[in-house]
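The file final-v4.txt comes next; it holds compact mmCIF, C-alpha atoms.
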# COMPACT_ATOMS: atom_id res chain seq x y z
CA MET A 1 20.56 4.63 7.00
CA SER A 2 17.95 2.95 9.20
CA ARG A 3 18.01 3.50 12.93
CA GLY A 4 18.21 -0.28 13.52
CA HIS A 5 21.28 -0.63 11.30
CA GLU A 6 22.87 2.42 12.91
CA ARG A 7 22.62 0.86 16.38
CA TRP A 8 25.20 -1.79 15.53
CA ARG A 9 28.06 0.67 15.32
CA PRO A 10 27.96 1.65 19.01
CA VAL A 11 27.24 -2.01 19.81
CA ALA A 12 30.50 -2.96 18.09
CA GLY A 13 32.17 -0.23 20.10
CA TYR A 14 30.86 -1.68 23.37
CA LEU A 15 32.01 -5.16 22.35
CA ALA A 16 35.56 -3.94 21.74
CA GLN A 17 35.74 -1.50 24.65
CA TYR A 18 34.55 -3.93 27.31
CA SER A 19 36.82 -6.66 26.06
CA ALA A 20 39.60 -4.26 27.06
CA VAL A 21 37.93 -3.52 30.40
CA GLY A 22 37.53 -7.24 31.14
CA ALA A 23 41.20 -7.87 30.43
CA LEU A 24 42.33 -4.98 32.63
CA TYR A 25 40.36 -4.23 35.77
CA PRO A 26 39.96 -7.66 37.44
CA PHE A 27 43.64 -8.49 36.96
CA LEU A 28 45.46 -5.18 37.37
CA PRO A 29 45.62 -5.35 41.21
CA VAL A 30 46.96 -8.91 40.97
CA TYR A 31 49.55 -7.71 38.44
CA TYR A 32 50.66 -4.98 40.84
CA ALA A 33 50.92 -7.54 43.65
CA THR A 34 53.18 -9.79 41.56
CA LEU A 35 55.48 -6.79 41.08
CA GLY A 36 55.87 -6.55 44.86
CA PHE A 37 53.49 -3.70 45.69
CA GLY A 38 51.72 -3.88 49.05
CA LEU A 39 48.05 -3.21 49.78
CA GLN A 40 48.47 0.49 50.45
CA ALA A 41 50.65 0.95 47.37
CA ILE A 42 48.09 -0.89 45.25
CA GLY A 43 45.40 1.39 46.62
CA LEU A 44 47.47 4.47 45.74
CA LEU A 45 48.15 3.11 42.26
CA GLY A 46 44.42 2.60 41.82
CA ALA A 47 43.84 6.15 43.01
CA ALA A 48 46.38 7.54 40.53
CA PHE A 49 44.73 5.52 37.76
CA ALA A 50 41.37 6.98 38.72
CA VAL A 51 42.61 10.58 38.98
CA ALA A 52 43.57 10.37 35.32
CA ALA A 53 40.09 9.11 34.45
CA LEU A 54 38.57 11.88 36.56
CA VAL A 55 40.43 14.48 34.52
CA GLY A 56 40.19 12.72 31.17
CA ALA A 57 36.52 11.76 30.93
CA PRO A 58 34.97 15.28 31.01
CA LEU A 59 37.74 16.69 28.81
CA TRP A 60 37.27 14.01 26.16
CA GLY A 61 33.50 14.50 26.35
CA ALA A 62 33.79 18.27 26.03
CA THR A 63 36.15 17.85 23.09
CA ALA A 64 33.62 15.61 21.34
CA ASP A 65 30.84 18.15 22.00
CA HIS A 66 33.00 20.98 20.70
CA LEU A 67 33.96 19.18 17.50
CA GLY A 68 30.44 17.85 16.99
CA ALA A 69 31.72 14.50 15.72
CA ALA A 70 32.68 11.50 17.82
CA ARG A 71 34.57 9.65 15.11
CA PRO A 72 38.13 11.07 15.31
CA VAL A 73 38.08 11.71 19.05
CA LEU A 74 37.07 8.16 19.95
CA SER A 75 39.66 6.54 17.68
CA VAL A 76 42.48 8.79 18.85
CA ALA A 77 41.68 7.97 22.48
CA ALA A 78 41.59 4.22 21.84
CA LEU A 79 44.80 4.15 19.79
CA ALA A 80 46.65 6.17 22.41
CA ALA A 81 45.32 3.80 25.09
CA SER A 82 46.71 0.78 23.23
CA VAL A 83 50.17 2.39 23.14
CA SER A 84 49.93 3.19 26.86
CA ALA A 85 48.89 -0.39 27.67
CA ALA A 86 51.95 -1.74 25.88
CA GLY A 87 54.04 0.75 27.82
CA LEU A 88 52.64 -0.44 31.15
CA ALA A 89 53.40 -4.06 30.27
CA LEU A 90 57.03 -3.17 29.53
CA SER A 91 57.60 -0.71 32.39
CA GLN A 92 60.17 -1.43 35.09
CA GLY A 93 60.37 0.54 38.33
CA SER A 94 57.76 2.43 40.31
CA VAL A 95 57.85 5.75 38.43
CA PRO A 96 57.52 4.29 34.89
CA ILE A 97 54.73 2.00 36.09
CA VAL A 98 52.79 4.91 37.61
CA LEU A 99 53.26 7.10 34.52
CA SER A 100 52.20 4.32 32.15
CA ALA A 101 49.14 3.50 34.25
CA VAL A 102 48.10 7.16 34.38
CA ALA A 103 48.50 7.50 30.61
CA LEU A 104 46.44 4.36 30.02
CA SER A 105 43.63 5.60 32.25
CA LEU A 106 43.68 9.09 30.72
CA MET A 107 43.28 7.69 27.22
CA MET A 108 40.71 5.00 28.04
CA ALA A 109 38.59 7.68 29.75
CA GLY A 110 37.75 9.12 26.35
CA ILE A 111 36.00 6.02 25.03
CA GLY A 112 32.99 5.48 27.29
CA PRO A 113 31.44 8.98 27.42
CA ILE A 114 31.51 9.35 23.64
CA LEU A 115 30.03 5.92 23.04
CA ASP A 116 27.30 6.54 25.62
CA ALA A 117 26.41 9.94 24.15
CA ARG A 118 26.22 8.44 20.67
CA ALA A 119 24.05 5.56 21.88
CA MET A 120 21.65 7.99 23.54
CA GLU A 121 21.40 10.00 20.31
CA ILE A 122 20.33 6.86 18.48
CA VAL A 123 17.72 5.60 20.97
CA GLY A 124 16.20 9.09 21.27
CA ALA A 125 13.04 9.22 23.36
CA GLY A 126 13.26 5.51 24.17
CA ARG A 127 16.22 6.03 26.48
CA GLY A 128 15.58 2.83 28.39
CA SER A 129 16.61 0.96 25.24
CA TYR A 130 20.17 2.09 25.87
CA GLY A 131 20.55 -0.96 28.10
CA ARG A 132 19.93 -3.29 25.16
CA MET A 133 22.92 -1.74 23.40
CA ARG A 134 25.17 -1.56 26.45
CA VAL A 135 24.46 -5.22 27.28
CA TRP A 136 26.83 -6.25 24.49
CA GLY A 137 29.60 -4.69 26.54
CA SER A 138 28.72 -6.95 29.45
CA LEU A 139 28.76 -9.99 27.17
CA SER A 140 32.19 -9.11 25.83
CA PHE A 141 33.37 -8.42 29.40
CA ILE A 142 32.38 -11.95 30.36
CA GLY A 143 34.29 -13.47 27.46
CA ALA A 144 37.35 -11.30 28.05
CA VAL A 145 37.47 -12.07 31.78
CA LEU A 146 37.20 -15.81 31.21
CA LEU A 147 39.75 -15.79 28.38
CA THR A 148 42.18 -13.60 30.30
CA GLY A 149 41.77 -15.66 33.46
CA TRP A 150 42.63 -18.82 31.53
CA LEU A 151 45.62 -17.16 29.87
CA VAL A 152 46.88 -15.79 33.19
CA GLU A 153 46.65 -19.18 34.89
CA ALA A 154 48.31 -20.94 31.95
CA PHE A 155 50.98 -18.44 30.91
CA GLY A 156 51.29 -15.79 33.62
CA ILE A 157 49.75 -12.48 34.58
CA SER A 158 51.52 -10.49 31.83
CA THR A 159 49.35 -12.14 29.18
CA MET A 160 46.50 -9.86 30.25
CA PHE A 161 48.18 -7.11 28.23
CA ALA A 162 47.97 -9.08 24.98
CA VAL A 163 44.17 -9.18 25.24
CA LEU A 164 44.07 -5.56 26.37
CA VAL A 165 46.09 -4.14 23.48
CA ILE A 166 44.20 -6.14 20.84
CA ALA A 167 40.84 -5.00 22.26
CA LEU A 168 41.89 -1.34 22.33
CA VAL A 169 43.10 -1.45 18.74
CA ALA A 170 39.77 -3.01 17.76
CA THR A 171 37.98 -0.18 19.59
CA ALA A 172 39.93 2.37 17.57
CA VAL A 173 39.04 0.66 14.29
CA VAL A 174 35.35 0.56 15.19
CA GLY A 175 35.53 4.19 16.28
CA PHE A 176 36.27 5.37 12.77
CA GLY A 177 32.78 4.27 11.73
CA ILE A 178 30.94 6.03 14.55
CA ARG A 179 29.55 9.41 13.53
CA SER A 180 27.86 11.86 15.87
CA ARG A 181 24.96 13.92 14.53
CA PRO A 182 23.56 15.83 17.53
CA ALA A 183 20.08 17.34 17.23
CA VAL A 184 21.30 20.75 18.41
CA ALA A 185 24.42 22.82 17.86
CA PRO A 186 27.25 21.70 20.14
CA LEU A 187 28.56 24.01 22.84
CA PRO A 188 32.24 24.96 23.13
CA GLY A 189 34.14 22.70 25.52
CA ARG A 190 34.22 25.01 28.55
CA ALA A 191 30.65 26.21 28.00
CA ALA A 192 29.39 22.63 27.83
CA LEU A 193 31.05 21.65 31.10
CA ALA A 194 29.84 24.87 32.75
CA ALA A 195 26.27 24.22 31.58
CA VAL A 196 26.35 20.75 33.15
CA ALA A 197 27.81 22.12 36.37
CA ARG A 198 24.94 24.64 36.58
CA THR A 199 22.29 21.90 36.34
CA PRO A 200 21.17 21.26 39.96
CA MET A 201 19.59 17.85 39.41
CA ILE A 202 22.67 16.46 37.71
CA MET A 203 25.08 17.79 40.33
CA ALA A 204 23.00 16.54 43.27
CA PHE A 205 22.66 13.17 41.59
CA LEU A 206 26.40 12.97 40.94
CA GLY A 207 27.10 13.70 44.59
CA VAL A 208 25.04 10.75 45.76
CA VAL A 209 26.36 8.51 43.00
CA LEU A 210 29.86 9.37 44.19
CA LEU A 211 29.12 7.97 47.65
CA ALA A 212 27.53 4.81 46.25
CA TRP A 213 30.35 4.06 43.81
CA THR A 214 33.10 4.99 46.26
CA SER A 215 31.73 2.46 48.70
CA SER A 216 31.44 -0.21 46.01
CA THR A 217 34.90 0.40 44.56
CA ALA A 218 36.46 0.27 48.01
CA ILE A 219 35.37 -3.37 48.05
CA ASN A 220 36.10 -4.14 44.41
CA ALA A 221 39.61 -2.68 44.51
CA PHE A 222 40.66 -5.43 46.90
CA PHE A 223 38.14 -8.11 46.02
CA SER A 224 40.50 -10.12 43.79
CA ILE A 225 43.21 -10.01 46.45
CA HIS A 226 40.67 -11.00 49.11
CA LEU A 227 39.64 -14.04 47.08
CA VAL A 228 43.26 -15.14 46.74
CA ASP A 229 43.82 -14.58 50.48
CA ILE A 230 40.92 -16.86 51.43
CA GLY A 231 42.12 -19.63 49.14
CA ALA A 232 40.46 -19.04 45.78
CA PRO A 233 42.44 -20.08 42.67
CA GLU A 234 43.18 -17.47 40.01
CA SER A 235 40.65 -19.03 37.68
CA LEU A 236 37.94 -18.40 40.28
CA VAL A 237 39.05 -14.77 40.51
CA GLY A 238 38.29 -14.34 36.82
CA ALA A 239 35.06 -16.31 37.12
CA SER A 240 33.84 -14.06 39.95
CA TRP A 241 33.97 -10.98 37.73
CA ALA A 242 32.35 -12.89 34.89
CA LEU A 243 29.48 -13.87 37.22
CA GLY A 244 28.77 -10.22 37.91
CA ALA A 245 28.61 -9.50 34.21
CA VAL A 246 26.32 -12.51 33.61
CA VAL A 247 23.70 -10.92 35.85
CA GLU A 248 24.07 -7.59 34.08
CA VAL A 249 22.95 -9.11 30.79
CA PRO A 250 19.28 -9.93 31.53
CA ILE A 251 18.84 -6.76 33.59
CA MET A 252 20.13 -4.54 30.80
CA ILE A 253 17.97 -6.32 28.24
CA ALA A 254 14.91 -5.97 30.45
CA PHE A 255 15.68 -2.39 31.51
CA PRO A 256 13.15 -0.72 29.17
CA SER A 257 10.35 -2.92 30.52
CA LEU A 258 11.51 -2.48 34.10
CA GLN A 259 11.63 1.27 33.66
CA ARG A 260 8.07 1.38 32.31
CA ARG A 261 6.70 -0.81 35.10
CA ILE A 262 8.76 0.28 38.09
CA GLY A 263 10.13 3.69 37.15
CA LEU A 264 13.68 4.94 36.67
CA GLU A 265 13.94 6.43 40.16
CA ARG A 266 12.96 3.21 41.94
CA LEU A 267 15.36 1.18 39.81
CA LEU A 268 18.19 3.50 40.83
CA ILE A 269 17.31 3.20 44.51
CA ALA A 270 17.07 -0.59 44.20
CA GLY A 271 20.51 -0.68 42.62
CA ALA A 272 22.02 1.35 45.46
CA ALA A 273 20.38 -0.97 48.00
CA LEU A 274 21.86 -4.00 46.24
CA PHE A 275 25.34 -2.48 46.56
CA ALA A 276 24.75 -2.40 50.32
CA LEU A 277 23.42 -5.98 50.35
CA ARG A 278 26.50 -7.18 48.47
CA GLY A 279 28.73 -5.52 51.08
CA VAL A 280 26.87 -7.29 53.88
CA ALA A 281 27.33 -10.62 52.10
CA VAL A 282 31.09 -10.10 51.68
CA VAL A 283 31.45 -9.22 55.36
CA LEU A 284 29.52 -12.26 56.56
CA THR A 285 31.18 -15.00 54.49
CA GLY A 286 34.76 -16.20 54.25
CA ASP A 287 34.21 -19.16 51.97
CA PRO A 288 35.83 -18.68 48.52
CA LEU A 289 32.82 -19.97 46.60
CA LEU A 290 30.23 -18.02 48.58
CA THR A 291 32.33 -14.87 48.39
CA THR A 292 32.60 -15.36 44.64
CA LEU A 293 28.82 -15.62 44.40
CA THR A 294 28.41 -12.16 45.97
CA MET A 295 29.38 -10.85 42.55
CA LEU A 296 25.91 -11.87 41.39
CA ILE A 297 24.48 -9.20 43.68
CA HIS A 298 27.09 -6.71 42.56
CA GLY A 299 26.27 -7.37 38.91
CA ALA A 300 22.60 -6.56 39.47
CA ALA A 301 23.48 -3.38 41.36
CA PHE A 302 25.99 -2.35 38.70
CA ALA A 303 23.51 -2.78 35.86
CA LEU A 304 20.71 -0.84 37.56
CA VAL A 305 22.84 2.08 38.75
CA LEU A 306 25.02 2.36 35.65
CA VAL A 307 22.27 2.13 33.02
CA GLY A 308 19.90 4.14 35.19
CA GLY A 309 22.58 6.76 35.74
CA VAL A 310 23.29 7.20 32.03
CA VAL A 311 19.56 7.55 31.34
CA TYR A 312 19.05 9.95 34.26
CA VAL A 313 21.93 12.20 33.21
CA SER A 314 20.77 12.16 29.59
CA THR A 315 17.30 13.22 30.77
CA HIS A 316 18.68 16.30 32.52
CA ALA A 317 21.59 17.15 30.20
CA PRO A 318 21.65 20.73 28.87
CA ARG A 319 21.22 21.13 25.12
CA GLY A 320 24.46 20.68 23.20
CA ALA A 321 26.29 19.14 26.15
CA ALA A 322 25.36 15.45 25.90
CA ALA A 323 28.89 14.05 25.80
CA SER A 324 30.07 16.49 28.47
CA ALA A 325 27.29 15.36 30.82
CA GLN A 326 28.18 11.71 30.24
CA GLY A 327 31.83 12.62 30.71
CA MET A 328 31.08 14.08 34.13
CA LEU A 329 29.14 10.97 35.07
CA ALA A 330 32.06 8.81 33.93
CA ALA A 331 34.47 11.05 35.84
CA THR A 332 32.41 10.50 38.97
CA VAL A 333 31.93 6.75 38.61
CA PHE A 334 35.21 5.71 37.02
CA GLY A 335 37.31 8.63 38.20
CA LEU A 336 36.67 10.28 41.56
CA ALA A 337 35.00 7.23 43.10
CA GLN A 338 37.96 5.14 42.00
CA VAL A 339 40.29 7.65 43.64
CA LEU A 340 38.48 7.69 46.95
CA GLY A 341 37.55 4.01 47.11
CA PRO A 342 40.98 2.41 46.58
CA GLY A 343 42.85 5.31 48.18
CA ILE A 344 40.90 5.37 51.44
CA GLY A 345 40.42 1.62 51.25
CA GLY A 346 44.16 1.01 51.09
CA VAL A 347 44.76 3.07 54.23
CA VAL A 348 41.91 1.36 56.11
CA ALA A 349 42.98 -2.11 54.96
CA ARG A 350 46.54 -1.51 56.07
CA SER A 351 45.53 -0.42 59.57
CA GLY A 352 42.43 -2.54 60.19
CA GLY A 353 42.50 -5.29 57.58
CA LEU A 354 40.18 -6.06 54.72
CA PRO A 355 37.20 -7.09 56.92
CA THR A 356 37.18 -3.64 58.52
CA LEU A 357 37.37 -1.99 55.13
CA PHE A 358 34.45 -4.05 53.81
CA ALA A 359 32.32 -3.19 56.85
CA ILE A 360 32.92 0.56 56.49
CA ALA A 361 32.21 0.41 52.76
CA THR A 362 28.93 -1.38 53.45
CA ALA A 363 27.87 1.41 55.80
CA GLY A 364 28.67 3.90 53.04
CA SER A 365 26.43 2.00 50.61
CA LEU A 366 23.55 2.11 53.08
CA ALA A 367 23.98 5.87 53.51
CA ALA A 368 24.06 6.33 49.73
CA THR A 369 20.78 4.47 49.34
CA VAL A 370 19.04 6.81 51.79
CA ALA A 371 20.61 9.90 50.21
CA LEU A 372 19.65 8.82 46.69
CA ALA A 373 16.01 8.41 47.72
CA ALA A 374 16.08 11.92 49.18
CA VAL A 375 17.69 13.50 46.08
CA ILE A 376 15.37 11.82 43.61
CA GLY A 377 12.41 12.73 45.78
CA ARG A 378 13.23 16.41 45.16
CA GLU A 379 12.53 16.16 41.40
CA GLN A 380 11.08 19.44 40.19
CA PRO A 381 7.27 19.28 40.12
CA GLY A 382 5.85 19.59 36.66
CA VAL A 383 9.01 18.24 35.02
CA PRO A 384 8.56 14.49 34.60
CA ALA A 385 11.71 12.41 34.93
CA GLY A 386 11.28 11.09 31.41
CA VAL A 387 11.39 14.52 29.72
CA ARG A 388 14.64 14.95 27.88
CA ARG A 389 16.27 18.37 27.89
CA GLU A 390 18.94 17.46 25.36
CA GLY A 391 16.52 17.58 22.48
CA SER A 392 15.08 15.16 19.98
CA ALA A 393 17.10 12.30 18.58
CA SER A 394 19.22 12.73 15.57
Encoding of this model in structure tokens:
Amino acid sequence: MSRGHERWRPVAGYLAQYSAVGALYPFLPVYYATLGFGLQAIGLLGAAFAVAALVGAPLWGATADHLGAARPVLSVAALAASVSAAGLALSQGSVPIVLSAVALSLMMAGIGPILDARAMEIVGAGRGSYGRMRVWGSLSFIGAVLLTGWLVEAFGISTMFAVLVIALVATAVVGFGIRSRPAVAPLPGRAALAAVARTPMIMAFLGVVLLAWTSSTAINAFFSIHLVDIGAPESLVGASWALGAVVEVPIMIAFPSLQRRIGLERLLIAGAALFALRGVAVVLTGDPLLTTLTMLIHGAAFALVLVGGVVYVSTHAPRGAAASAQGMLAATVFGLAQVLGPGIGGVVARSGGLPTLFAIATAGSLAATVALAAVIGREQPGVPAGVRREGSAS
């Protein structure tokens, strides 16, 4: 099978996966609010959701490394997520809602790391080309956000779950066609995670990424609610998230060229700086339309840091631990950062209001930019950033 034809299987996975993401994340805080949860409770629910992702992502990744084949693991995770999503839609009462949300997050956490590891196997030495595969996820996110926003405004917030369940089932179906053929023998689950944890460049990078994403998610966790508070209609809430994804598209497509001309390290630092700029913009404006447009800045930051992060981690991943390394990155970005951002953000918002929260988060983004420049500047001499430790492509 040709490499070009093989690329379309992970692409189909990204299309299905990010349709689910687009139906879930922008609207879940609003769904919680309609159930009567306050800001702090919503923050704690977001933290619980993220704790499950923090635990699930590296475990799913290590399982995929151990088995040496992504196909069954990815499909099982997606199918279980679809069942959990239906459970969340039907849950009544605080405890069932929390348990269903945790189960959904735990299962969805298994999809991204495996897809990313498989995509990196296919692109091989041309790791910057990963962005041209991942961009299809951003396109599907845009469509899902717009469709779900229209459905929510027309038929109510619960309709988000119809899109979510369908997308997760589609992800499971696509997953059956995704085969992993790593270039080296896979490591056992615990050994793979331990090997990643003993890699200094990855761990230092993850520490800085944690600060950057925690600061960003502290804003995003309450961004939809903030838009509603300042008078934005629900359709504009959906459109704001779609705008961010629109910007991701050209950046991800152009990422290989940008990486050759500017360098991976500078792109990562630029992305972190854009997170800080977006925070400044949110703090300074209270107009619904202008606040919505700040998502354009966020989209650019998201694309640079996410794609750059996947490439950076792949560059430094130990042999046989590709999915585990991506799982730890996902656990940091979509797990621990999502715990700290909404959790701390909910407490700050309750005591000082959303403007105070946004100001503190902006300061965190600025600190992360400086720290990232320092960490990347300590790259080992004689080991170029583009040298892959994982091995040649399959």
Polymer residues at most 9 Å from A:Leu227, only C-alpha atoms, same-chain spacing of 3 or more positions, as number ranges by chain: A: 222-224, 230-234, 236-237, 286-288, 291-292
Selection export as a short mmCIF file (atom, residue, chain, number, x, y, z; two decimals), keeping the file's coordinate frame, atoms kept: C-alpha atoms:
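Ended up saving to part_6.cif:
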data_model
loop_
_atom_site.label_atom_id
_atom_site.label_comp_id
_atom_site.auth_asym_id
_atom_site.auth_seq_id
_atom_site.Cartn_x
_atom_site.Cartn_y
_atom_site.Cartn_z
CA PHE A 222 40.66 -5.43 46.90
CA PHE A 223 38.14 -8.11 46.02
CA SER A 224 40.50 -10.12 43.79
CA ILE A 230 40.92 -16.86 51.43
CA GLY A 231 42.12 -19.63 49.14
CA ALA A 232 40.46 -19.04 45.78
CA PRO A 233 42.44 -20.08 42.67
CA GLU A 234 43.18 -17.47 40.01
CA LEU A 236 37.94 -18.40 40.28
CA VAL A 237 39.05 -14.77 40.51
CA GLY A 286 34.76 -16.20 54.25
CA ASP A 287 34.21 -19.16 51.97
CA PRO A 288 35.83 -18.68 48.52
CA THR A 291 32.33 -14.87 48.39
CA THR A 292 32.60 -15.36 44.64
#
For A:Ala53, the nearest of the candidates A:Leu329, A:Ala374, A:Met107, A:Ala78, counting all atoms listed in the file: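 Comparing A:Leu329, A:Ala374, A:Met107, A:Ala78 against A:Ala53, the winner is A:Met107.
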Counting all atoms listed in the file, what are the residues of stretch 151-218 of chain A within 9 Å of stretch 343-358 of chain A, and for each of them which pair of atoms is the nearest and at what distance in Å, to one decimal? Sort the table by chain and rising number, as a Markdown table.
| residue | atom | partner | partner_atom | distance |
| --- | --- | --- | --- | --- |
| A:Ser215 | CA | A:Phe358 | CA | 8.7 |
| A:Thr217 | CA | A:Gly345 | CA | 8.8 |
| A:Ala218 | CA | A:Gly345 | CA | 5.3 |
Can you spit out the residues from that selection as a PDB file, in the frame of the given file, using C-alpha atoms?
ATOM      1  CA  SER A 215      31.730   2.460  48.700  1.00  0.00           C
ATOM      2  CA  THR A 217      34.900   0.400  44.560  1.00  0.00           C
ATOM      3  CA  ALA A 218      36.460   0.270  48.010  1.00  0.00           C
TER       4      ALA A 218
END
Residue with smallest distance to A:Val209 - pool A:Ala154, A:Ile97, A:Ala86, A:Leu268, counting all atoms listed in the file: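 Ranked by minimum distance to A:Val209, first place goes to A:Leu268.
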Interatomic distance (Å, one decimal) between atom CA of A:Leu147 and atom CA of A:Ala16: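 Atom-to-atom, atom CA of A:Leu147 and atom CA of A:Ala16 are spaced 14.2 Å apart.
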Interatomic distance, atom CA of A:Asn220 to atom CA of A:Gly46 (Å, one decimal):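 We find that atom CA of A:Asn220 and atom CA of A:Gly46 lie 11.0 Å from each other.
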Expected residue set, 6 Å radius at (35.8, -2.2, 21.4), all atoms listed in the file, as JSON, numbers by chain: {"A": [13, 14, 15, 16, 17, 167, 170, 171]}
Residue with smallest distance to A:Ser94 - pool A:Met160, A:Thr294, A:Leu44, A:Ala221, counting all atoms listed in the file: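 Selected residue with least distance to A:Ser94: A:Leu44.
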